[in-house]
file structure37.json (JSON, C-alpha atoms and all ligand atoms)
[["chain", "number", "residue", "atom", "x", "y", "z"],
["R", 1, "MET", "CA", -59.08, -31.58, 36.54],
["R", 2, "LEU", "CA", -61.45, -32.59, 33.80],
["R", 3, "PHE", "CA", -60.05, -29.76, 31.73],
["R", 4, "GLU", "CA", -56.53, -31.07, 32.15],
["R", 5, "THR", "CA", -57.56, -34.59, 31.25],
["R", 6, "GLN", "CA", -59.27, -33.38, 28.09],
["R", 7, "GLN", "CA", -56.26, -31.29, 27.21],
["R", 8, "GLN", "CA", -54.02, -34.26, 27.74],
["R", 9, "SER", "CA", -56.15, -36.47, 25.56],
["R", 10, "PHE", "CA", -56.21, -33.91, 22.75],
["R", 11, "ARG", "CA", -52.44, -33.83, 22.90],
["R", 12, "ASN", "CA", -52.23, -37.56, 22.79],
["R", 13, "THR", "CA", -54.59, -38.09, 19.93],
["R", 14, "TYR", "CA", -53.87, -35.00, 17.96],
["R", 15, "GLY", "CA", -50.32, -34.16, 18.93],
["R", 16, "ILE", "CA", -50.56, -30.39, 19.02],
["R", 17, "GLU", "CA", -48.62, -28.78, 21.84],
["R", 18, "ASN", "CA", -49.66, -25.52, 23.45],
["R", 19, "VAL", "CA", -49.82, -23.45, 20.28],
["R", 20, "THR", "CA", -51.55, -20.22, 20.83],
["R", 21, "THR", "CA", -51.82, -18.07, 17.73],
["R", 22, "ARG", "CA", -54.41, -18.44, 15.02],
["R", 23, "ARG", "CA", -51.79, -18.92, 12.34],
["R", 24, "GLU", "CA", -49.94, -21.60, 14.32],
["R", 25, "LEU", "CA", -53.11, -23.54, 15.09],
["R", 26, "ILE", "CA", -54.08, -23.56, 11.43],
["R", 27, "LYS", "CA", -50.60, -24.61, 10.34],
["R", 28, "GLN", "CA", -50.42, -27.49, 12.79],
["R", 29, "ALA", "CA", -53.89, -28.70, 11.89],
["R", 30, "GLN", "CA", -52.95, -28.58, 8.21],
["R", 31, "ASP", "CA", -49.75, -30.58, 8.87],
["R", 32, "LYS", "CA", -51.64, -33.17, 10.88],
["R", 33, "LEU", "CA", -54.34, -33.62, 8.22],
["R", 34, "THR", "CA", -51.73, -33.87, 5.48],
["R", 35, "GLN", "CA", -49.75, -36.39, 7.50],
["R", 36, "GLU", "CA", -52.88, -38.52, 7.92],
["R", 37, "SER", "CA", -53.70, -38.13, 4.19],
["R", 38, "VAL", "CA", -57.03, -36.45, 4.89],
["R", 39, "PRO", "CA", -57.90, -34.26, 1.91],
["R", 40, "SER", "CA", -58.46, -30.75, 3.18],
["R", 41, "THR", "CA", -57.96, -27.28, 1.86],
["R", 42, "ALA", "CA", -56.50, -24.36, 3.80],
["R", 43, "LYS", "CA", -59.90, -22.68, 3.42],
["R", 44, "GLU", "CA", -61.68, -25.53, 5.18],
["R", 45, "ILE", "CA", -59.31, -25.39, 8.13],
["R", 46, "GLU", "CA", -59.76, -21.64, 8.34],
["R", 47, "TRP", "CA", -63.52, -22.10, 8.40],
["R", 48, "LEU", "CA", -63.15, -24.43, 11.36],
["R", 49, "LEU", "CA", -61.14, -21.81, 13.24],
["R", 50, "LEU", "CA", -63.59, -19.04, 12.35],
["R", 51, "GLU", "CA", -66.40, -21.19, 13.72],
["R", 52, "ALA", "CA", -64.50, -22.23, 16.88],
["R", 53, "ASP", "CA", -63.39, -18.66, 17.58],
["R", 54, "SER", "CA", -66.66, -16.97, 16.46],
["R", 55, "ILE", "CA", -64.69, -14.54, 14.29],
["R", 56, "SER", "CA", -65.02, -13.32, 10.72],
["R", 57, "SER", "CA", -62.52, -14.05, 7.96],
["R", 58, "VAL", "CA", -61.63, -10.34, 7.95],
["R", 59, "GLU", "CA", -60.70, -10.63, 11.62],
["R", 60, "LEU", "CA", -58.58, -13.72, 10.91],
["R", 61, "PHE", "CA", -56.70, -12.13, 8.01],
["R", 62, "SER", "CA", -56.11, -8.85, 9.78],
["R", 63, "LYS", "CA", -54.88, -10.48, 13.00],
["R", 64, "PRO", "CA", -53.41, -13.90, 12.15],
["R", 65, "ASN", "CA", -51.04, -13.73, 15.11],
["R", 66, "ALA", "CA", -53.68, -13.02, 17.73],
["R", 67, "GLU", "CA", -53.64, -15.42, 20.65],
["R", 68, "VAL", "CA", -56.35, -18.06, 20.80],
["R", 69, "SER", "CA", -57.82, -18.78, 24.21],
["R", 70, "GLU", "CA", -57.52, -22.31, 25.54],
["R", 71, "PRO", "CA", -61.26, -23.16, 25.27],
["R", 72, "VAL", "CA", -61.34, -21.96, 21.64],
["R", 73, "ALA", "CA", -58.19, -23.93, 20.85],
["R", 74, "GLN", "CA", -59.81, -27.02, 22.37],
["R", 75, "THR", "CA", -62.96, -26.54, 20.33],
["R", 76, "PHE", "CA", -60.87, -26.14, 17.18],
["R", 77, "LYS", "CA", -58.81, -29.24, 17.98],
["R", 78, "ALA", "CA", -61.99, -31.23, 18.54],
["R", 79, "PHE", "CA", -63.21, -30.06, 15.10],
["R", 80, "VAL", "CA", -59.93, -31.15, 13.50],
["R", 81, "GLN", "CA", -60.18, -34.46, 15.31],
["R", 82, "ARG", "CA", -63.55, -34.95, 13.60],
["R", 83, "ARG", "CA", -61.99, -34.14, 10.22],
["R", 84, "LEU", "CA", -59.32, -36.75, 10.97],
["R", 85, "ALA", "CA", -62.21, -39.22, 11.33],
["R", 86, "ARG", "CA", -63.24, -38.08, 7.80],
["R", 87, "GLU", "CA", -66.36, -36.21, 8.88],
["R", 88, "PRO", "CA", -67.24, -33.66, 6.16],
["R", 89, "VAL", "CA", -66.38, -30.11, 7.14],
["R", 90, "GLN", "CA", -69.99, -29.00, 6.56],
["R", 91, "TYR", "CA", -71.32, -31.35, 9.25],
["R", 92, "ILE", "CA", -68.66, -30.10, 11.66],
["R", 93, "LEU", "CA", -69.57, -26.49, 10.93],
["R", 94, "GLY", "CA", -73.27, -27.35, 10.88],
["R", 95, "TYR", "CA", -73.91, -25.46, 7.66],
["R", 96, "SER", "CA", -73.23, -25.40, 3.95],
["R", 97, "GLU", "CA", -73.55, -22.75, 1.26],
["R", 98, "PHE", "CA", -75.86, -23.34, -1.68],
["R", 99, "PHE", "CA", -77.08, -20.91, -4.31],
["R", 100, "GLY", "CA", -75.76, -18.00, -2.25],
["R", 101, "LEU", "CA", -77.70, -19.06, 0.85],
["R", 102, "ARG", "CA", -76.59, -20.71, 4.08],
["R", 103, "PHE", "CA", -78.27, -24.00, 4.92],
["R", 104, "SER", "CA", -78.01, -25.85, 8.22],
["R", 105, "VAL", "CA", -76.97, -29.45, 7.66],
["R", 106, "ASN", "CA", -76.53, -32.52, 9.83],
["R", 107, "PRO", "CA", -75.99, -36.20, 9.01],
["R", 108, "SER", "CA", -79.70, -36.73, 8.33],
["R", 109, "VAL", "CA", -79.39, -34.71, 5.11],
["R", 110, "LEU", "CA", -77.09, -34.86, 2.10],
["R", 111, "ILE", "CA", -74.68, -31.93, 1.95],
["R", 112, "PRO", "CA", -75.79, -29.68, -0.93],
["R", 113, "ARG", "CA", -73.55, -30.13, -3.98],
["R", 114, "PRO", "CA", -72.45, -27.30, -6.29],
["R", 115, "GLU", "CA", -73.62, -29.24, -9.37],
["R", 116, "THR", "CA", -77.17, -29.20, -7.99],
["R", 117, "GLU", "CA", -77.06, -25.39, -8.23],
["R", 118, "LEU", "CA", -77.19, -25.85, -12.02],
["R", 119, "LEU", "CA", -80.48, -27.68, -11.65],
["R", 120, "VAL", "CA", -81.91, -24.77, -9.67],
["R", 121, "GLU", "CA", -80.56, -22.25, -12.17],
["R", 122, "HIS", "CA", -82.09, -24.12, -15.08],
["R", 123, "ALA", "CA", -85.42, -24.53, -13.28],
["R", 124, "LEU", "CA", -85.57, -20.81, -12.53],
["R", 125, "ASP", "CA", -84.70, -19.84, -16.12],
["R", 126, "TRP", "CA", -87.25, -22.20, -17.54],
["R", 127, "MET", "CA", -90.14, -21.05, -15.36],
["R", 128, "ALA", "CA", -89.27, -17.34, -15.50],
["R", 129, "PRO", "CA", -92.27, -16.54, -17.77],
["R", 130, "THR", "CA", -94.75, -18.51, -15.62],
["R", 131, "GLN", "CA", -96.74, -16.63, -12.98],
["R", 132, "SER", "CA", -97.16, -18.33, -9.59],
["R", 133, "PRO", "CA", -95.88, -21.76, -10.64],
["R", 134, "VAL", "CA", -96.42, -24.82, -8.49],
["R", 135, "VAL", "CA", -93.07, -26.51, -7.92],
["R", 136, "VAL", "CA", -92.55, -29.91, -6.31],
["R", 137, "ASP", "CA", -89.15, -31.04, -4.99],
["R", 138, "VAL", "CA", -88.97, -34.77, -4.33],
["R", 139, "GLY", "CA", -86.33, -35.90, -1.83],
["R", 140, "THR", "CA", -85.80, -32.39, -0.55],
["R", 141, "GLY", "CA", -83.24, -33.24, 2.17],
["R", 142, "SER", "CA", -81.93, -29.98, 3.62],
["R", 143, "GLY", "CA", -84.51, -28.20, 1.47],
["R", 144, "CYS", "CA", -81.76, -26.49, -0.53],
["R", 145, "VAL", "CA", -83.47, -26.84, -3.93],
["R", 146, "ALA", "CA", -87.00, -26.04, -2.72],
["R", 147, "ILE", "CA", -85.92, -23.08, -0.60],
["R", 148, "SER", "CA", -83.57, -21.63, -3.23],
["R", 149, "ILE", "CA", -86.41, -21.72, -5.76],
["R", 150, "LYS", "CA", -88.89, -20.15, -3.33],
["R", 151, "ASN", "CA", -86.33, -17.51, -2.35],
["R", 152, "ALA", "CA", -85.86, -16.52, -6.00],
["R", 153, "ARG", "CA", -89.57, -16.84, -6.83],
["R", 154, "PRO", "CA", -91.67, -15.76, -3.85],
["R", 155, "ASP", "CA", -94.82, -16.09, -6.02],
["R", 156, "ALA", "CA", -94.25, -19.86, -6.46],
["R", 157, "HIS", "CA", -96.05, -22.46, -4.39],
["R", 158, "VAL", "CA", -93.24, -24.83, -3.49],
["R", 159, "ILE", "CA", -93.82, -28.29, -2.04],
["R", 160, "GLY", "CA", -90.89, -30.25, -0.58],
["R", 161, "ILE", "CA", -91.26, -34.01, -0.07],
["R", 162, "ASP", "CA", -88.98, -36.32, 1.88],
["R", 163, "ILE", "CA", -89.24, -39.81, 3.33],
["R", 164, "SER", "CA", -87.22, -38.79, 6.39],
["R", 165, "ALA", "CA", -88.83, -36.88, 9.26],
["R", 166, "ASP", "CA", -85.35, -35.90, 10.46],
["R", 167, "ALA", "CA", -84.48, -34.45, 7.07],
["R", 168, "LEU", "CA", -87.75, -32.51, 7.01],
["R", 169, "ASN", "CA", -86.93, -31.04, 10.42],
["R", 170, "VAL", "CA", -83.70, -29.67, 8.95],
["R", 171, "ALA", "CA", -85.55, -28.39, 5.87],
["R", 172, "ARG", "CA", -88.20, -26.69, 8.05],
["R", 173, "GLU", "CA", -85.53, -25.04, 10.15],
["R", 174, "ASN", "CA", -83.80, -23.79, 6.99],
["R", 175, "ALA", "CA", -87.03, -22.43, 5.53],
["R", 176, "ILE", "CA", -87.72, -20.52, 8.74],
["R", 177, "ALA", "CA", -84.15, -19.17, 8.95],
["R", 178, "LEU", "CA", -84.33, -18.04, 5.31],
["R", 179, "ASN", "CA", -87.80, -16.62, 5.69],
["R", 180, "THR", "CA", -89.41, -18.77, 3.02],
["R", 181, "SER", "CA", -92.75, -20.52, 3.22],
["R", 182, "ILE", "CA", -92.82, -24.06, 1.82],
["R", 183, "THR", "CA", -95.40, -26.86, 2.04],
["R", 184, "TRP", "CA", -93.62, -29.91, 3.50],
["R", 185, "LEU", "CA", -94.83, -33.44, 2.92],
["R", 186, "GLU", "CA", -93.42, -36.54, 4.58],
["R", 187, "ASP", "CA", -93.83, -39.47, 2.22],
["R", 188, "ASP", "CA", -92.03, -42.14, 0.27],
["R", 189, "LEU", "CA", -91.73, -41.87, -3.52],
["R", 190, "TYR", "CA", -92.68, -45.55, -3.72],
["R", 191, "SER", "CA", -95.71, -45.37, -1.42],
["R", 192, "ASP", "CA", -99.33, -45.87, -2.56],
["R", 193, "THR", "CA", -100.29, -42.60, -0.94],
["R", 194, "ILE", "CA", -97.90, -40.18, -2.57],
["R", 195, "ILE", "CA", -99.98, -39.29, -5.65],
["R", 196, "ASP", "CA", -103.11, -38.47, -3.62],
["R", 197, "ARG", "CA", -101.21, -36.65, -0.92],
["R", 198, "LEU", "CA", -99.27, -34.60, -3.44],
["R", 199, "ARG", "CA", -102.43, -33.71, -5.34],
["R", 200, "LYS", "CA", -103.97, -32.51, -2.07],
["R", 201, "ALA", "CA", -100.86, -30.47, -1.27],
["R", 202, "ILE", "CA", -101.02, -28.90, -4.75],
["R", 203, "GLY", "CA", -104.61, -28.05, -3.93],
["R", 204, "GLY", "CA", -106.69, -28.76, -7.00],
["R", 205, "GLY", "CA", -104.59, -27.77, -10.03],
["R", 206, "ARG", "CA", -101.46, -29.33, -11.39],
["R", 207, "ALA", "CA", -97.78, -28.61, -10.91],
["R", 208, "LYS", "CA", -95.58, -26.74, -13.38],
["R", 209, "LEU", "CA", -92.33, -28.36, -12.33],
["R", 210, "LEU", "CA", -91.34, -31.59, -10.65],
["R", 211, "VAL", "CA", -87.71, -31.43, -9.66],
["R", 212, "SER", "CA", -85.59, -34.02, -7.89],
["R", 213, "ASN", "CA", -82.07, -34.97, -6.94],
["R", 214, "PRO", "CA", -82.89, -38.57, -6.04],
["R", 215, "PRO", "CA", -80.48, -41.15, -4.61],
["R", 216, "TYR", "CA", -78.68, -42.40, -7.71],
["R", 217, "VAL", "CA", -75.47, -44.09, -6.63],
["R", 218, "THR", "CA", -75.62, -47.84, -7.35],
["R", 219, "PRO", "CA", -74.72, -50.31, -4.59],
["R", 220, "ASN", "CA", -71.77, -51.70, -6.58],
["R", 221, "GLU", "CA", -70.09, -48.28, -6.35],
["R", 222, "LYS", "CA", -69.94, -48.44, -2.57],
["R", 223, "GLY", "CA", -66.25, -49.35, -2.61],
["R", 224, "SER", "CA", -65.22, -46.33, -4.65],
["R", 225, "ILE", "CA", -66.97, -43.59, -2.68],
["R", 226, "GLU", "CA", -65.00, -41.13, -0.54],
["R", 227, "PRO", "CA", -65.11, -42.00, 3.19],
["R", 228, "GLU", "CA", -66.64, -38.57, 3.92],
["R", 229, "VAL", "CA", -69.65, -39.53, 1.83],
["R", 230, "PHE", "CA", -69.85, -43.23, 2.59],
["R", 231, "MET", "CA", -69.29, -43.06, 6.35],
["R", 232, "HIS", "CA", -71.15, -39.88, 7.17],
["R", 233, "GLU", "CA", -73.85, -38.94, 4.66],
["R", 234, "PRO", "CA", -77.29, -40.61, 4.80],
["R", 235, "SER", "CA", -77.26, -43.76, 2.67],
["R", 236, "GLU", "CA", -80.98, -43.41, 1.87],
["R", 237, "ALA", "CA", -80.16, -40.13, 0.13],
["R", 238, "LEU", "CA", -77.34, -41.70, -1.87],
["R", 239, "PHE", "CA", -78.10, -45.24, -2.93],
["R", 240, "ALA", "CA", -80.59, -46.38, -5.55],
["R", 241, "ASP", "CA", -81.38, -49.93, -6.68],
["R", 242, "ALA", "CA", -78.87, -51.96, -8.71],
["R", 243, "SER", "CA", -79.98, -50.37, -12.01],
["R", 244, "GLY", "CA", -79.94, -46.88, -10.51],
["R", 245, "LEU", "CA", -83.14, -46.17, -12.43],
["R", 246, "LYS", "CA", -85.97, -47.03, -10.04],
["R", 247, "PRO", "CA", -86.23, -43.46, -8.67],
["R", 248, "TYR", "CA", -86.55, -42.11, -12.23],
["R", 249, "GLN", "CA", -89.29, -44.58, -13.13],
["R", 250, "ALA", "CA", -91.24, -43.55, -10.05],
["R", 251, "LEU", "CA", -90.62, -39.84, -10.68],
["R", 252, "ALA", "CA", -91.81, -40.23, -14.28],
["R", 253, "GLN", "CA", -95.08, -41.78, -13.04],
["R", 254, "LEU", "CA", -95.55, -39.14, -10.34],
["R", 255, "GLY", "CA", -95.01, -36.46, -12.99],
["R", 256, "LEU", "CA", -97.64, -37.96, -15.30],
["R", 257, "GLU", "CA", -100.12, -37.89, -12.42],
["R", 258, "THR", "CA", -99.40, -34.42, -11.08],
["R", 259, "LEU", "CA", -97.87, -32.18, -13.79],
["R", 260, "SER", "CA", -99.86, -29.91, -16.06],
["R", 261, "ASP", "CA", -99.73, -30.28, -19.86],
["R", 262, "THR", "CA", -97.12, -27.52, -19.96],
["R", 263, "GLY", "CA", -95.23, -29.00, -17.03],
["R", 264, "MET", "CA", -91.67, -30.22, -16.80],
["R", 265, "LEU", "CA", -89.78, -32.96, -14.99],
["R", 266, "MET", "CA", -86.19, -32.07, -14.15],
["R", 267, "VAL", "CA", -83.87, -34.48, -12.39],
["R", 268, "GLU", "CA", -80.25, -34.74, -11.39],
["R", 269, "ASN", "CA", -78.55, -37.96, -12.45],
["R", 270, "HIS", "CA", -75.37, -39.96, -12.14],
["R", 271, "ASN", "CA", -72.89, -38.85, -14.78],
["R", 272, "ASP", "CA", -73.06, -42.33, -16.33],
["R", 273, "ALA", "CA", -76.85, -42.45, -16.41],
["R", 274, "GLY", "CA", -77.94, -39.53, -18.64],
["R", 275, "ARG", "CA", -78.93, -41.66, -21.62],
["R", 276, "LYS", "CA", -80.64, -44.28, -19.46],
["R", 277, "VAL", "CA", -82.70, -41.65, -17.65],
["R", 278, "GLU", "CA", -83.58, -40.15, -21.02],
["R", 279, "ALA", "CA", -84.81, -43.58, -22.14],
["R", 280, "VAL", "CA", -86.89, -44.05, -18.97],
["R", 281, "PHE", "CA", -88.66, -40.73, -19.60],
["R", 282, "ALA", "CA", -89.18, -41.44, -23.31],
["R", 283, "GLU", "CA", -90.67, -44.83, -22.43],
["R", 284, "ALA", "CA", -93.07, -43.13, -19.98],
["R", 285, "GLY", "CA", -94.26, -40.81, -22.79],
["R", 286, "TYR", "CA", -92.39, -37.60, -22.10],
["R", 287, "ILE", "CA", -91.33, -35.33, -24.97],
["R", 288, "GLY", "CA", -88.62, -32.71, -25.57],
["R", 289, "ILE", "CA", -86.17, -34.67, -23.43],
["R", 290, "GLU", "CA", -82.79, -33.00, -22.99],
["R", 291, "ARG", "CA", -79.61, -34.01, -21.23],
["R", 292, "HIS", "CA", -77.64, -31.25, -19.55],
["R", 293, "ARG", "CA", -73.99, -31.24, -18.55],
["R", 294, "ASP", "CA", -72.30, -29.95, -15.43],
["R", 295, "LEU", "CA", -69.28, -27.63, -15.38],
["R", 296, "SER", "CA", -66.91, -30.55, -15.84],
["R", 297, "GLY", "CA", -68.74, -31.57, -19.00],
["R", 298, "LYS", "CA", -70.46, -34.63, -17.52],
["R", 299, "ASP", "CA", -74.12, -35.50, -17.97],
["R", 300, "ARG", "CA", -75.69, -34.21, -14.77],
["R", 301, "PHE", "CA", -79.39, -33.63, -15.24],
["R", 302, "VAL", "CA", -82.25, -34.38, -17.59],
["R", 303, "SER", "CA", -85.33, -32.31, -18.36],
["R", 304, "ALA", "CA", -88.48, -33.63, -20.01],
["R", 305, "ARG", "CA", -91.84, -32.11, -20.92],
["R", 306, "ILE", "CA", -95.28, -33.58, -20.63],
["R", 307, "ARG", "CA", -97.10, -32.47, -23.78],
["R", 308, "VAL", "CA", -96.37, -28.87, -24.69],
["P", 1, "LIG", "N1", -73.78, -36.36, -6.25],
["P", 1, "LIG", "C1", -73.73, -37.14, -5.06],
["P", 1, "LIG", "C2", -72.38, -37.79, -4.91],
["P", 1, "LIG", "O1", -71.62, -37.78, -5.81],
["P", 1, "LIG", "C3", -74.83, -38.16, -5.02],
["P", 1, "LIG", "C4", -76.12, -37.52, -4.80],
["P", 1, "LIG", "C5", -77.26, -38.41, -5.09],
["P", 1, "LIG", "O2", -77.20, -39.64, -5.02],
["P", 1, "LIG", "N2", -78.32, -37.81, -5.40],
["P", 1, "LIG", "O3", -72.05, -38.29, -3.87]]
call {"tool": "encode", "arguments": {"input": "structure37.json", "output": "structure tokens", "more": "lines below"}}
Ligand code: GLN
result
Amino acid sequence: MLFETQQQSFRNTYGIENVTTRRELIKQAQDKLTQESVPSTAKEIEWLLLEADSISSVELFSKPNAEVSEPVAQTFKAFVQRRLAREPVQYILGYSEFFGLRFSVNPSVLIPRPETELLVEHALDWMAPTQSPVVVDVGTGSGCVAISIKNARPDAHVIGIDISADALNVARENAIALNTSITWLEDDLYSDTIIDRLRKAIGGGRAKLLVSNPPYVTPNEKGSIEPEVFMHEPSEALFADASGLKPYQALAQLGLETLSDTGMLMVENHNDAGRKVEAVFAEAGYIGIERHRDLSGKDRFVSARIRV
């Protein structure tokens, strides 16, 4: 009875009638999303079916006309219903790919962005000659930056900091799943305790790299953000102060207190803010400051050295 009621309600809200093959389900979902003007790629819809049906993409492509059982169809329709409410596909799936690894995600963490992979790539290139570097990731979220670095450099001591206990739970889970050992620290970049606690976590010496993808969207941009981001991703991971620069000022200070003379600060930034972040770091006394662009040619991150 309950089953029938649920089925009925899916039909009412979603409008898909008794379709049974994989191909048909995908097609109808695509039509519905298009009709409701929800941006979605065929790939995303396929991912939802793969997840609902617990099958591989090879299985889907080799047997697109296989019948889908009613419970699987219902699960898939519920996923599509969530997309219709503009929930990002990664939260529906419960994971996201980053730097060739799979990270669990939920709404307490920002979904890893492809442009942040460039930050990781640059960090890894830069510290390639350094043995056993200490790396600190501030605002680690899902842990994607910290864990990707540790995965590529098992000799590094990586410390991931976040203000959110829920985010750190996701990061911990990801580190365990990906077999990486990270030191996690729950603290606020603006707290009085962070310098001492980070120094303790570093354990005596100083860090080689301080990396961060801080919240950098300014509140006046709220109106222009995609509903997927605005309605579903954690606002404390997205929004900075009105100037958008407060996180960079605090990161610059934290770097001065915890980086070695040969250390580097490397931060992701808003594409409009490259020059301003550069100025914040110059003002704080950093040298060798460089702006780096993303694949679409926009300023995306800044690196700065301490002394050497
Ligand atoms: N790049 C993200 C976006 O465009 C913002 C991430 C951040 O604030 N650090 O939504």
call {"tool": "closest_residue", "arguments": {"input": "structure37.json", "among": "R:Gly297, R:Pro234, R:Gly263, R:Pro214", "to": "ligand LIG 1 (chain P)", "atoms": "all atoms listed in the file"}}
result
R:Pro214
call {"tool": "axis_aligned_box", "arguments": {"input": "structure37.json", "around": "ligand LIG 1 (chain P)", "padding_each_side": "4 Å", "output": "JSON"}}
result
{"center_x": -75.0, "center_y": -38.0, "center_z": -5.1, "size_x": 14.7, "size_y": 11.3, "size_z": 10.4}
call {"tool": "residues_near_ligand", "arguments": {"input": "structure37.json", "ligand": "ligand LIG 1 (chain P)", "cutoff": "10 Å", "atoms": "all atoms listed in the file", "output": "PDB file with C-alpha atoms, in the coordinates of the input"}}
result
ATOM      1  CA  LEU R 110     -77.090 -34.860   2.100  1.00  0.00           C
ATOM      2  CA  ILE R 111     -74.680 -31.930   1.950  1.00  0.00           C
ATOM      3  CA  PRO R 112     -75.790 -29.680  -0.930  1.00  0.00           C
ATOM      4  CA  ARG R 113     -73.550 -30.130  -3.980  1.00  0.00           C
ATOM      5  CA  PRO R 114     -72.450 -27.300  -6.290  1.00  0.00           C
ATOM      6  CA  GLU R 115     -73.620 -29.240  -9.370  1.00  0.00           C
ATOM      7  CA  THR R 116     -77.170 -29.200  -7.990  1.00  0.00           C
ATOM      8  CA  GLY R 139     -86.330 -35.900  -1.830  1.00  0.00           C
ATOM      9  CA  SER R 212     -85.590 -34.020  -7.890  1.00  0.00           C
ATOM     10  CA  ASN R 213     -82.070 -34.970  -6.940  1.00  0.00           C
ATOM     11  CA  PRO R 214     -82.890 -38.570  -6.040  1.00  0.00           C
ATOM     12  CA  PRO R 215     -80.480 -41.150  -4.610  1.00  0.00           C
ATOM     13  CA  TYR R 216     -78.680 -42.400  -7.710  1.00  0.00           C
ATOM     14  CA  VAL R 217     -75.470 -44.090  -6.630  1.00  0.00           C
ATOM     15  CA  THR R 218     -75.620 -47.840  -7.350  1.00  0.00           C
ATOM     16  CA  ILE R 225     -66.970 -43.590  -2.680  1.00  0.00           C
ATOM     17  CA  GLU R 226     -65.000 -41.130  -0.540  1.00  0.00           C
ATOM     18  CA  GLU R 228     -66.640 -38.570   3.920  1.00  0.00           C
ATOM     19  CA  VAL R 229     -69.650 -39.530   1.830  1.00  0.00           C
ATOM     20  CA  PHE R 230     -69.850 -43.230   2.590  1.00  0.00           C
ATOM     21  CA  GLU R 233     -73.850 -38.940   4.660  1.00  0.00           C
ATOM     22  CA  PRO R 234     -77.290 -40.610   4.800  1.00  0.00           C
ATOM     23  CA  SER R 235     -77.260 -43.760   2.670  1.00  0.00           C
ATOM     24  CA  GLU R 236     -80.980 -43.410   1.870  1.00  0.00           C
ATOM     25  CA  ALA R 237     -80.160 -40.130   0.130  1.00  0.00           C
ATOM     26  CA  LEU R 238     -77.340 -41.700  -1.870  1.00  0.00           C
ATOM     27  CA  PHE R 239     -78.100 -45.240  -2.930  1.00  0.00           C
ATOM     28  CA  ALA R 240     -80.590 -46.380  -5.550  1.00  0.00           C
ATOM     29  CA  GLY R 244     -79.940 -46.880 -10.510  1.00  0.00           C
ATOM     30  CA  VAL R 267     -83.870 -34.480 -12.390  1.00  0.00           C
ATOM     31  CA  GLU R 268     -80.250 -34.740 -11.390  1.00  0.00           C
ATOM     32  CA  ASN R 269     -78.550 -37.960 -12.450  1.00  0.00           C
ATOM     33  CA  HIS R 270     -75.370 -39.960 -12.140  1.00  0.00           C
ATOM     34  CA  ASN R 271     -72.890 -38.850 -14.780  1.00  0.00           C
ATOM     35  CA  ARG R 300     -75.690 -34.210 -14.770  1.00  0.00           C
TER      36      ARG R 300
END
call {"tool": "closest_residue", "arguments": {"input": "structure37.json", "among": "R:Ala284, R:Val105, R:Val134, R:Ala175", "to": "Thr258 in chain R", "atoms": "all atoms listed in the file"}}
result
R:Val134
call {"tool": "residues_around", "arguments": {"input": "structure37.json", "residues": "Glu290 in chain R", "least_positions_apart": "5", "cutoff": "9 Å", "atoms": "only C-alpha atoms", "output": "PyMOL selection string"}}
result
chain R and resi 278+301-304
call {"tool": "closest_residue", "arguments": {"input": "structure37.json", "among": "R:Ala252, R:Ala66, R:Leu189, R:Ile202", "to": "Ala282 in chain R", "atoms": "only C-alpha atoms"}}
result
R:Ala252
call {"tool": "residues_near_point", "arguments": {"input": "structure37.json", "point": "(-58.5, -22.1, 21.1)", "cutoff": "10 Å", "atoms": "only C-alpha atoms", "output": "ChimeraX atom specification"}}
result
/R:18-22,25,49,52-53,67-77
